[in-house]
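Asker: Have a look at this one.
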Amino acid sequence: MLSLEAGNHVDRIRRIVQYGMDNPEVSAAVTLSWTRCINDYGLDPESKRLPPVLTQTELLERRERSRILLAEARQEMNILYQQLADPELAVVLVHTDGSILHMVAAASLEHNLSMLGLRPGAVWSEEQAGTNGMGTCLVVAEPIAIQQNDHFFSSHIRLTCSAVPIKDQHGDVIAVLDVTSRSALLQQHSLVLIGMTARMIENRLLDATCQKAHAIHFHSRPESIYTVHEGKLMVDGDGTIVAANHSALFQLGFASMAELRASRFDDIFQSSLETILQRSLQSSFHPVPIYRAGASSRFFAIAQHPPMAMSAAGPELHGATPRGIVIPAAAAPLRGKAAADLAAASELELGDAGLREQFALASRVIARRVPVLLYGETGSGKEVFARALHDQGARRDGPFVAVNCASLPESLIESELFGYRAGAFTGAQRQGRKGKILQADNGTLFLDEIGDMPLALQARLLRVLDERKVTPLGSETCISVELQLISASHRNMAELVRRGLFREDLYYRLNGVEVRLPALRDRADKRELIHSLLQEEAGAPLRLSPQAEAILMSYPWPGNLRQLRHILRTMVVLCDGDTLGLQHIPASLSEAAVNAPEPPAAVPAMIAPPAPAAPESLPADAASMTMMDALNPLQVTERATLIQLLDTYRWNISNVAKALGISRNTLYRKLHRLCIPLSSQSEQDGVAAGRQGP
Ligand SMILES: Nc1ncnc2c1ncn2[C@@H]1O[C@H](COP(=O)(O)OP(=O)(O)OP(=O)(O)O)[C@@H](O)[C@H]1O
């Protein structure tokens, strides 16, 4: 016996199918689907049934056939799940026969979803399950949203689905990516996000399936390269187009994939494949302009050799999915928090959406051996971020070697980086020394504070990067080296180049892609970070009183995550009970938090924050003001917050260094770089030039 609601639903379907398609309540796509269900598949809307489920062997067999698809889709599905941030939904990957291959959902929802027939192996083809997002998308081969009452069977009318087809390089549908929610509020923008994820998966599949082809990434705007909007052509050594993505088709104005594939690279562009490969190498894989043949339209492009050819140099693809990034624990389907952990490599907290995007972008380009340049204030986690990239890259079994160019005396950087032969100079170790570059062979070299690299050594470093060979000091022998380079700076590198302090060619060589890490005060996940670091430091559940939390939330954190960790560590030591309160917060911190100006509004990570007005009391020293003009907005913000901290500690350098968790020397260097002058008197008594402690 049907409930009243179900009965009405059944009547409505029968009425609309019987009396024609022109019903404003229901879209044409849904009416057509209902008609197919009744007329073609002989389904009865009155029957109550769950979709059939494949046996375990059948499911394993489908998964095996879709192995590459699954490997490429899992991580993108996890990212999508986190972006949608709704515990009521499931992200689902569906085979062309309608069976669910993989699902990401909160563990707590799993049972309820299963009761509705949503589980791996369940067959949601339109023929089996009536009108629904997954099955109907497979039939229409277009993005579709199926809202609650649009479903054919009344058992599904609590669900809302948005589904997008995933196509191969021939334009054929090979799977459907679907988001199904128990809430009616699946937003319109979800369909856009799902579409972008599907494009991402298609791009990854191109890489994975065209291992022997050259990849040409292009777009009319250089910043769109390596994003979901890029055009991508896979080209054989002789210039034949092997495959392309939809953006390429659209940007180049081809009507079909077949038409595009019938063309050759030099029919499409004014340059030959060889020329564009050469120019990409010369520009250190920075986008170069390229013109459409027979037209004046200009694009920017990066051309790359096939990874199969590159892998001859070393075990490039060991442990990694072809061309793509390594997907940890990809064999075991993960859900909920575990799924979120999967994308959050090692200790990296990726609760901030901007940061998460940056991490995904950097992971992608690192898989292509493109160098990454990180920007971020002190303690914002540049090294932690670099390590996380290494840990999930193809070289994760190799070493991660970090060098801080600012903390090494200039005279030592050369031997530290390049190493030396036995007896190369007085004082050298007898057996010689392997430099950091060679130590990083087959792994990652992280060059922190790269802006402090002396000019003379910049030329040597550039040679190493170009030739992939190192000659240790005092030696005549070149040693080959293969490494991924990540560098970091909190200084404006472009400005250093403009002022002649950094080589332009090296800058472009390092800056394959630029990633800006947000300051702690701008992070959207600041509250969660405070709590997760607190639990880490305490090692056991420890509560934070609302007042203490309010102080920690409003403090500007000039020393970022490092400073936060140090302060929390101190608070944990001071606390005897099970709640951290105001009494455990250092007084200086509470005062600074109370007096803190409105922090600058959070900005997307790639956009530098607007420079806040300098506090009235900033040093008015004329020379430093001129130098201040050279500071970038990030540094201006850092400068203002550092001055605030100095105020809090009455300009006592030792105390400020301690609060930031850095050495006095590092702090002095930082003050110098940020044009915060200290007189010799102030160095003795901790008072800045022209300023008095309160
Ligand atoms: N994502 C994170 N999650 C938790 N803690 C973090 C994270 N990132 C950084 N930290 C903490 O902050 C400290 C400083 O991080 P890291 O050394 O990566 O910063 P940095 O930006 O490289 O600093 P600097 O510019 O001074 O070299 C780490 O030792 C760690 O305690």
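Each chain in the structure tokens gets a letter, A, B and so on, in the order shown; residues start at 1 in every chain, and ligands are counted from 1 in the order they appear.
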If you count only C-alpha atoms, which residues fall within 6 Å of stretch 395-402 of chain A, apart from same-chain ones fewer than 4 positions away, as a list in words?

Answerer: His390, Asp391, Ala440, Asn442, Gly443, Thr444, Leu445 and Phe446 of chain A

Asker: Give the residue list for ligand 1 at 7 Å, counting only C-alpha atoms and all ligand atoms, as a ChimeraX atom specification, sorted by chain and then by residue number.

Answerer: /A:347-349,376-385,448,490,533,561-562,565

Asker: Separation of atom CA of A:Thr180 and atom CA of A:Gly133, in Å?

Answerer: 7.9 Å

Asker: Quick one, how far is atom CA of A:Met493 from atom CA of A:Arg387?

Answerer: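 Result for atom CA of A:Met493 versus atom CA of A:Arg387: 21.8 Å, one decimal.
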
Asker: To one decimal place in Å, what is the distance between atom CA of A:Leu101 and atom CA of A:Asp44?

Answerer: 26.8 Å

Asker: Running DSSP on the backbone, which parts of stretch 193-236 of chain A land in alpha helix (DSSP H), as number ranges by chain?

Answerer: A: 193-209

Asker: May I ask which of the residues A:Arg468, A:His566, A:His286, A:Arg433 is the closest one to A:Tyr508, counting only C-alpha atoms?

Answerer: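 Among the listed residues, A:His286 lies closest to A:Tyr508.
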
Asker: Determine which residues of stretch 179-326 of chain A receive a DSSP assignment of strand (DSSP E), computed from the backbone, and state them as a list in words.

Answerer: Val179, Thr180, Ser181, His214, Ala215, Ile216, His217, Phe218, His219, Gly231, Lys232, Leu233, Met234, Val235, Ile241, Val242, Ala243, Ala244, Val288, Pro289, Ile290, Tyr291, Arg298, Phe299, Phe300, Ala301, Ile302, Ala303 and Gln304 of chain A

Asker: Closest to A:His151 among A:Ala255, A:Val481, A:Val10, A:Val242, using only C-alpha atoms?

Answerer: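 The answer is A:Val10, which sits nearest to A:His151.
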
Asker: What lies within 9 Å of stretch 127-132 of chain A using only C-alpha atoms, ignoring chain neighbours under 3 positions off, as number ranges by chain?

Answerer: A: 30, 33-34, 36-38, 40-43, 45, 49-52, 98, 123-124, 135-137, 145-147, 150-153, 156, 160-161
